[in-house]
>>> print(open('my_file35.cif').read())   # mmCIF, C-alpha atoms
data_data
loop_
_atom_site.label_atom_id
_atom_site.label_comp_id
_atom_site.auth_asym_id
_atom_site.auth_seq_id
_atom_site.Cartn_x
_atom_site.Cartn_y
_atom_site.Cartn_z
CA MET G 1 0.00 0.00 0.00
CA LYS G 2 1.33 3.43 -0.91
CA THR G 3 1.53 5.92 1.90
CA GLY G 4 -0.07 9.39 1.71
CA ILE G 5 -2.56 8.65 -1.10
CA HIS G 6 -5.45 7.21 0.92
CA PRO G 7 -8.08 9.50 2.48
CA GLN G 8 -8.21 9.76 6.24
CA LEU G 9 -11.09 7.93 7.93
CA ASN G 10 -12.84 9.84 10.71
CA HIS G 11 -15.33 8.89 13.36
CA VAL G 12 -18.63 10.36 12.19
CA VAL G 13 -22.20 10.38 13.48
CA PHE G 14 -24.95 10.82 10.88
CA ILE G 15 -28.07 12.42 12.38
CA ASP G 16 -31.39 12.14 10.54
CA SER G 17 -33.07 15.58 10.65
CA GLY G 18 -36.53 14.02 10.26
CA SER G 19 -36.46 11.52 13.10
CA GLY G 20 -33.35 12.43 15.08
CA ALA G 21 -31.90 8.92 14.67
CA GLU G 22 -28.10 8.72 15.01
CA PHE G 23 -25.76 6.37 13.14
CA ALA G 24 -22.12 6.26 14.31
CA THR G 25 -19.62 5.02 11.73
CA LEU G 26 -16.35 5.77 9.95
CA SER G 27 -16.26 8.13 6.98
CA THR G 28 -13.99 10.51 5.08
CA LEU G 29 -16.49 13.33 5.74
CA THR G 30 -15.82 16.02 8.34
CA SER G 31 -17.72 18.95 9.81
CA GLU G 32 -17.23 21.83 12.21
CA GLU G 33 -19.58 20.35 14.80
CA LYS G 34 -18.43 17.47 17.02
CA LYS G 35 -20.15 15.14 19.44
CA LYS G 36 -18.58 12.86 22.02
CA ILE G 37 -19.83 9.27 21.95
CA ASN G 38 -18.29 6.65 24.27
CA GLY G 39 -15.38 9.01 24.92
CA VAL G 40 -14.55 9.41 21.21
CA ASP G 41 -15.09 12.68 19.29
CA HIS G 42 -17.32 12.20 16.25
CA PHE G 43 -17.96 14.71 13.46
CA VAL G 44 -21.71 15.48 13.20
CA ILE G 45 -23.21 15.18 9.69
CA MET G 46 -26.90 16.10 9.28
CA VAL G 47 -28.87 14.12 6.64
CA ASP G 48 -32.43 14.66 5.35
CA ILE G 49 -33.27 11.01 4.74
CA SER G 50 -31.79 7.84 6.21
CA SER G 51 -32.89 4.25 6.56
CA ASP G 52 -34.87 5.38 9.62
CA THR G 53 -37.16 7.65 7.56
CA HIS G 54 -36.96 6.36 3.97
CA PRO G 55 -40.30 4.90 2.75
CA PHE G 56 -38.58 1.78 1.41
CA PHE G 57 -37.42 0.83 4.90
CA THR G 58 -40.36 2.20 6.92
CA GLY G 59 -43.22 1.24 4.61
CA LYS G 60 -44.77 4.70 5.17
CA GLN G 61 -44.93 7.62 2.76
CA THR G 62 -43.69 10.83 4.39
CA LEU G 63 -42.70 14.12 2.83
CA VAL G 64 -39.45 15.77 3.87
CA ASP G 65 -39.31 19.26 2.44
CA THR G 66 -36.22 21.18 3.41
CA ALA G 67 -35.89 23.53 0.45
CA GLY G 68 -39.50 23.90 -0.78
CA ARG G 69 -38.98 21.17 -3.35
CA VAL G 70 -42.31 19.50 -2.66
CA ASP G 71 -44.19 22.78 -3.14
CA LYS G 72 -42.32 23.49 -6.36
CA PHE G 73 -43.09 19.98 -7.61
CA ARG G 74 -46.78 20.32 -6.78
CA ALA G 75 -46.90 23.71 -8.52
CA ARG G 76 -45.30 22.20 -11.63
CA MET G 77 -47.78 19.31 -11.56
CA GLU G 78 -50.72 21.72 -11.20
CA ALA G 79 -49.44 23.84 -14.10
CA ALA G 80 -49.00 20.73 -16.24
CA LYS G 81 -52.53 19.59 -15.38
CA LYS G 82 -54.00 22.98 -16.37
CA LYS G 83 -52.00 22.96 -19.59
CA GLN G 84 -53.26 19.46 -20.38
CA GLU G 85 -56.87 20.48 -19.69
CA ALA G 86 -56.47 23.51 -21.96
CA ALA G 87 -55.07 21.28 -24.71
CA LEU G 88 -58.00 18.88 -24.34
CA ALA G 89 -60.47 21.76 -24.49
CA LYS G 90 -58.76 23.06 -27.63
CA GLN G 91 -58.94 19.59 -29.21
CA GLN G 92 -62.63 19.33 -28.29
CA LYS G 93 -63.34 22.73 -29.82
CA LYS G 94 -61.46 21.74 -32.97
CA ALA G 95 -63.44 18.49 -33.16
CA ASP G 96 -66.71 20.40 -32.73
CA LYS G 97 -65.73 22.77 -35.54
CA ALA G 98 -64.96 19.80 -37.79
CA LYS G 99 -68.42 18.33 -37.14
CA GLU G 100 -70.41 21.53 -37.82
CA THR G 101 -72.18 22.11 -41.10
CA PRO G 102 -71.20 25.01 -43.38
CA GLU G 103 -74.30 26.97 -42.30
CA GLU G 104 -73.40 26.52 -38.63
CA ALA G 105 -69.83 27.64 -39.35
CA ILE G 106 -71.08 30.81 -41.05
CA THR G 107 -73.45 31.66 -38.19
CA ARG G 108 -70.73 30.96 -35.61
CA LYS G 109 -68.22 33.20 -37.41
CA ALA G 110 -70.80 35.95 -37.80
CA LYS G 111 -71.62 35.77 -34.10
CA GLU G 112 -67.92 35.90 -33.17
CA ASN G 113 -67.41 38.94 -35.40
CA THR G 114 -70.37 40.83 -33.94
CA GLU G 115 -69.20 40.06 -30.40
CA LYS G 116 -65.69 41.23 -31.30
CA LYS G 117 -67.00 44.50 -32.79
CA ALA G 118 -69.28 45.08 -29.80
CA ALA G 119 -66.35 44.59 -27.43
CA GLU G 120 -64.20 47.03 -29.40
CA LYS G 121 -67.01 49.57 -29.47
CA ALA G 122 -67.58 49.18 -25.73
CA LYS G 123 -63.90 49.87 -25.10
CA LYS G 124 -64.03 53.12 -27.09
CA GLU G 125 -67.37 54.51 -25.88
CA PRO G 126 -67.00 54.54 -22.07
CA ALA G 127 -64.07 56.96 -22.28
CA LYS G 128 -66.15 59.47 -24.28
CA LYS G 129 -69.44 59.16 -22.39
CA ALA G 130 -68.08 59.20 -18.84
CA PRO G 131 -68.44 62.99 -18.32
CA ALA G 132 -71.97 62.94 -19.75
CA LYS G 133 -72.96 60.23 -17.29
CA LYS G 134 -71.77 62.37 -14.37
CA ALA G 135 -73.86 65.30 -15.55
CA THR G 136 -76.95 63.16 -16.02
CA ALA G 137 -76.36 61.52 -12.66
CA LYS G 138 -76.34 64.93 -10.97
CA LYS G 139 -79.55 65.88 -12.73
CA GLU G 140 -81.17 62.63 -11.65
CA VAL G 141 -80.12 63.21 -8.05
CA LYS G 142 -81.63 66.71 -8.10
CA LYS G 143 -84.85 65.36 -9.59
CA GLU G 144 -85.05 62.68 -6.92
CA GLU G 145 -84.45 65.28 -4.19
CA LYS G 146 -87.25 67.49 -5.56
CA LYS G 147 -89.59 64.49 -5.73
CA ALA G 148 -88.75 63.58 -2.15
CA GLU G 149 -89.42 67.18 -0.99
CA GLU G 150 -92.72 67.30 -2.86
CA LYS G 151 -93.71 63.98 -1.35
CA VAL G 152 -92.94 65.22 2.17
CA GLU G 153 -94.98 68.43 1.59
CA LYS G 154 -97.86 66.40 0.20
CA GLU G 155 -97.81 64.11 3.24
CA LYS G 156 -97.83 67.15 5.56
CA LYS G 157 -100.87 68.58 3.77
CA GLU G 158 -102.64 65.23 3.98
CA ASP G 159 -101.85 65.00 7.71
CA LYS G 160 -103.29 68.51 8.28
CA ALA G 161 -106.39 67.62 6.33
CA GLU G 162 -106.83 64.43 8.36
CA LYS G 163 -106.45 66.35 11.63
CA LYS G 164 -109.11 68.86 10.56
CA THR G 165 -111.53 66.09 9.63
CA THR G 166 -110.92 64.25 12.90
CA LYS G 167 -111.47 67.49 14.88
CA LYS G 168 -114.75 68.09 13.09
CA LYS G 169 -115.86 64.53 13.79
CA ASP G 170 -114.86 64.89 17.45
CA GLU G 171 -116.83 68.16 17.76
CA LYS G 172 -119.91 66.58 16.19
CA THR G 173 -119.76 63.54 18.47
CA SER G 174 -119.27 65.69 21.56
CA GLU G 175 -122.38 67.83 20.79
#
>>> encode(input="my_file35.cif", output="structure tokens")
Amino acid sequence: MKTGIHPQLNHVVFIDSGSGAEFATLSTLTSEEKKKINGVDHFVIMVDISSDTHPFFTGKQTLVDTAGRVDKFRARMEAAKKKQEAALAKQQKKADKAKETPEEAITRKAKENTEKKAAEKAKKEPAKKAPAKKATAKKEVKKEEKKAEEKVEKEKKEDKAEKKTTKKKDEKTSE
């Protein structure tokens, strides 16, 4: 055996971050942190998964997410699912178009064009008519206020008339 070419073996303890299980062994790995076991200093190496937490050895499915990898994976899966659904919807629409008669195709295209033109017209018109709507809104508010005032005055007159008629009735019954 040649001297000076082989790596140095160190006493190491691997600690599972999920379960806290410790495995003391020899390894070429080192770390800054040390732990004394049976009077011997061991380098501490933290691991995410070991035989204590791996589903193959435990028979249980557990998720260990130390860097957000599970969330990223789920987000990718959700995006892929949405993309697949959109592709299926596009295929279905294409199949429906292939099945339609020429008359149906013409009516569909005409309807799409009218909807498109109406949407474009709606985009242009609100910008021009906005000030006019404010002015008409103010006029409508004033009209409603006048109507409310007239209604209140009318109710007051009716109340006075009712009081007079009840006074007359009371006078007649008291005589």
>>> atom_distance(input="my_file35.cif", atom1="CA of Ala67 (chain G)", atom2="CA of Met46 (chain G)")
14.6 Å
>>> closest_residue(input="my_file35.cif", among="G:Thr136, G:Asp52, G:Val40, G:Thr107", to="Ala21 (chain G)", atoms="all atoms listed in the file")
G:Asp52
>>> residues_around(input="my_file35.cif", residues="Lys34 (chain G)", least_positions_apart="3", cutoff="8 Å", atoms="all atoms listed in the file", output="number ranges by chain")
G: 31, 41-44
>>> write_last_selection(input="my_file35.cif", atoms="C-alpha atoms", output="short mmCIF file (atom, residue, chain, number, x, y, z; two decimals), keeping the file's coordinate frame")
data_model
loop_
_atom_site.label_atom_id
_atom_site.label_comp_id
_atom_site.auth_asym_id
_atom_site.auth_seq_id
_atom_site.Cartn_x
_atom_site.Cartn_y
_atom_site.Cartn_z
CA SER G 31 -17.72 18.95 9.81
CA ASP G 41 -15.09 12.68 19.29
CA HIS G 42 -17.32 12.20 16.25
CA PHE G 43 -17.96 14.71 13.46
CA VAL G 44 -21.71 15.48 13.20
#
>>> atom_distance(input="my_file35.cif", atom1="CA of Ile15 (chain G)", atom2="CA of Ile45 (chain G)")
6.2 Å
>>> atom_distance(input="my_file35.cif", atom1="CA of Lys121 (chain G)", atom2="CA of Ile106 (chain G)")
22.4 Å
>>> residues_around(input="my_file35.cif", residues="Asp16 (chain G)", least_positions_apart="3", cutoff="9 Å", atoms="only C-alpha atoms", output="PyMOL selection string")
chain G and resi 19-23+45-53
